[in-house]
Amino acid sequence: GTGGLEGTVASPADATGARVYAHDRERNVRYVVFVVDGRYRAVGLLPGTYEITVRKDGFALPRPECVGVAAGRTTRDDLALVAAPRAADY
């Protein structure tokens with residue numbers, strides 16, 4: 001069976017359009033979902049441990065988070081973004 005991951009994304013500015021990545025390092029599979037109205041939801045994830053990161057121009061998680069997903073369950077992980085410098089254009 002599979003499980004899911006859901007939560008909110010708090011940000012100093014609107015988080016709509018941010019991308020939440022769930023990386024299963026054991027299987028080397030990465031899932032991506034978009035934030036809508038401050039919430040995200042990923043379904044159909046294989047059980048395991050996932051490294052969670054978020055991408056949104058000008059914002060980032062202070063550090064990646066690791067969460068476990070179990071079959072038949074939805075894990076909640078609320079995330080808070082902070083202002084981050086933009087990458088330099090070369």
# chains A, B, ... in the order shown; residues from 1 in each chain; ligands from 1
>>> select_by_dssp(residues="chain A", states="strand (DSSP E or B)", output="count of residues only")
51
>>> residues_around(residues="A:Glu6", least_positions_apart="4", cutoff="9 Å", atoms="only C-alpha atoms", output="number ranges by chain")
A: 39-43, 74-78
>>> write_last_selection(atoms="N, CA, C and O atoms", output="PDB file, in the first residue's frame")
ATOM      1  N   ARG A  39      -1.482  25.328   1.311  1.00  0.00           N
ATOM      2  CA  ARG A  39      -1.528  23.900   1.660  1.00  0.00           C
ATOM      3  C   ARG A  39      -0.924  23.057   0.532  1.00  0.00           C
ATOM      4  O   ARG A  39      -0.947  23.453  -0.620  1.00  0.00           O
ATOM      5  N   TYR A  40      -0.399  21.893   0.905  1.00  0.00           N
ATOM      6  CA  TYR A  40       0.081  20.931  -0.087  1.00  0.00           C
ATOM      7  C   TYR A  40      -0.395  19.543   0.317  1.00  0.00           C
ATOM      8  O   TYR A  40      -0.715  19.281   1.469  1.00  0.00           O
ATOM      9  N   ARG A  41      -0.447  18.640  -0.670  1.00  0.00           N
ATOM     10  CA  ARG A  41      -0.850  17.261  -0.417  1.00  0.00           C
ATOM     11  C   ARG A  41      -0.235  16.363  -1.476  1.00  0.00           C
ATOM     12  O   ARG A  41      -0.383  16.603  -2.669  1.00  0.00           O
ATOM     13  N   ALA A  42       0.485  15.344  -1.027  1.00  0.00           N
ATOM     14  CA  ALA A  42       1.070  14.339  -1.918  1.00  0.00           C
ATOM     15  C   ALA A  42       0.453  12.989  -1.558  1.00  0.00           C
ATOM     16  O   ALA A  42       0.411  12.618  -0.384  1.00  0.00           O
ATOM     17  N   VAL A  43      -0.045  12.268  -2.547  1.00  0.00           N
ATOM     18  CA  VAL A  43      -0.679  10.971  -2.319  1.00  0.00           C
ATOM     19  C   VAL A  43       0.045   9.909  -3.141  1.00  0.00           C
ATOM     20  O   VAL A  43       0.800  10.215  -4.058  1.00  0.00           O
ATOM     21  N   THR A  74      -1.725   9.155   6.320  1.00  0.00           N
ATOM     22  CA  THR A  74      -1.261  10.436   5.793  1.00  0.00           C
ATOM     23  C   THR A  74      -0.486  11.132   6.901  1.00  0.00           C
ATOM     24  O   THR A  74      -1.017  11.358   7.985  1.00  0.00           O
ATOM     25  N   THR A  75       0.762  11.442   6.629  1.00  0.00           N
ATOM     26  CA  THR A  75       1.625  12.132   7.591  1.00  0.00           C
ATOM     27  C   THR A  75       1.466  13.630   7.400  1.00  0.00           C
ATOM     28  O   THR A  75       1.468  14.122   6.273  1.00  0.00           O
ATOM     29  N   ARG A  76       1.335  14.349   8.493  1.00  0.00           N
ATOM     30  CA  ARG A  76       1.226  15.815   8.432  1.00  0.00           C
ATOM     31  C   ARG A  76       2.581  16.428   8.743  1.00  0.00           C
ATOM     32  O   ARG A  76       3.233  16.064   9.720  1.00  0.00           O
ATOM     33  N   ASP A  77       3.003  17.371   7.892  1.00  0.00           N
ATOM     34  CA  ASP A  77       4.249  18.094   8.103  1.00  0.00           C
ATOM     35  C   ASP A  77       4.030  19.547   7.696  1.00  0.00           C
ATOM     36  O   ASP A  77       3.968  19.860   6.512  1.00  0.00           O
ATOM     37  N   ASP A  78       3.865  20.426   8.687  1.00  0.00           N
ATOM     38  CA  ASP A  78       3.694  21.848   8.417  1.00  0.00           C
ATOM     39  C   ASP A  78       5.068  22.493   8.277  1.00  0.00           C
ATOM     40  O   ASP A  78       5.971  22.235   9.078  1.00  0.00           O
TER      41      ASP A  78
END
>>> closest_residue(among="A:Gly38, A:Gly17, A:Pro64, A:Gly72", to="A:Gly4", atoms="only C-alpha atoms")
A:Gly72
>>> residues_around(residues="A:Ala84", least_positions_apart="4", cutoff="6 Å", atoms="only C-alpha atoms", output="list in words")
Gly58, Phe59 and Ala60 of chain A
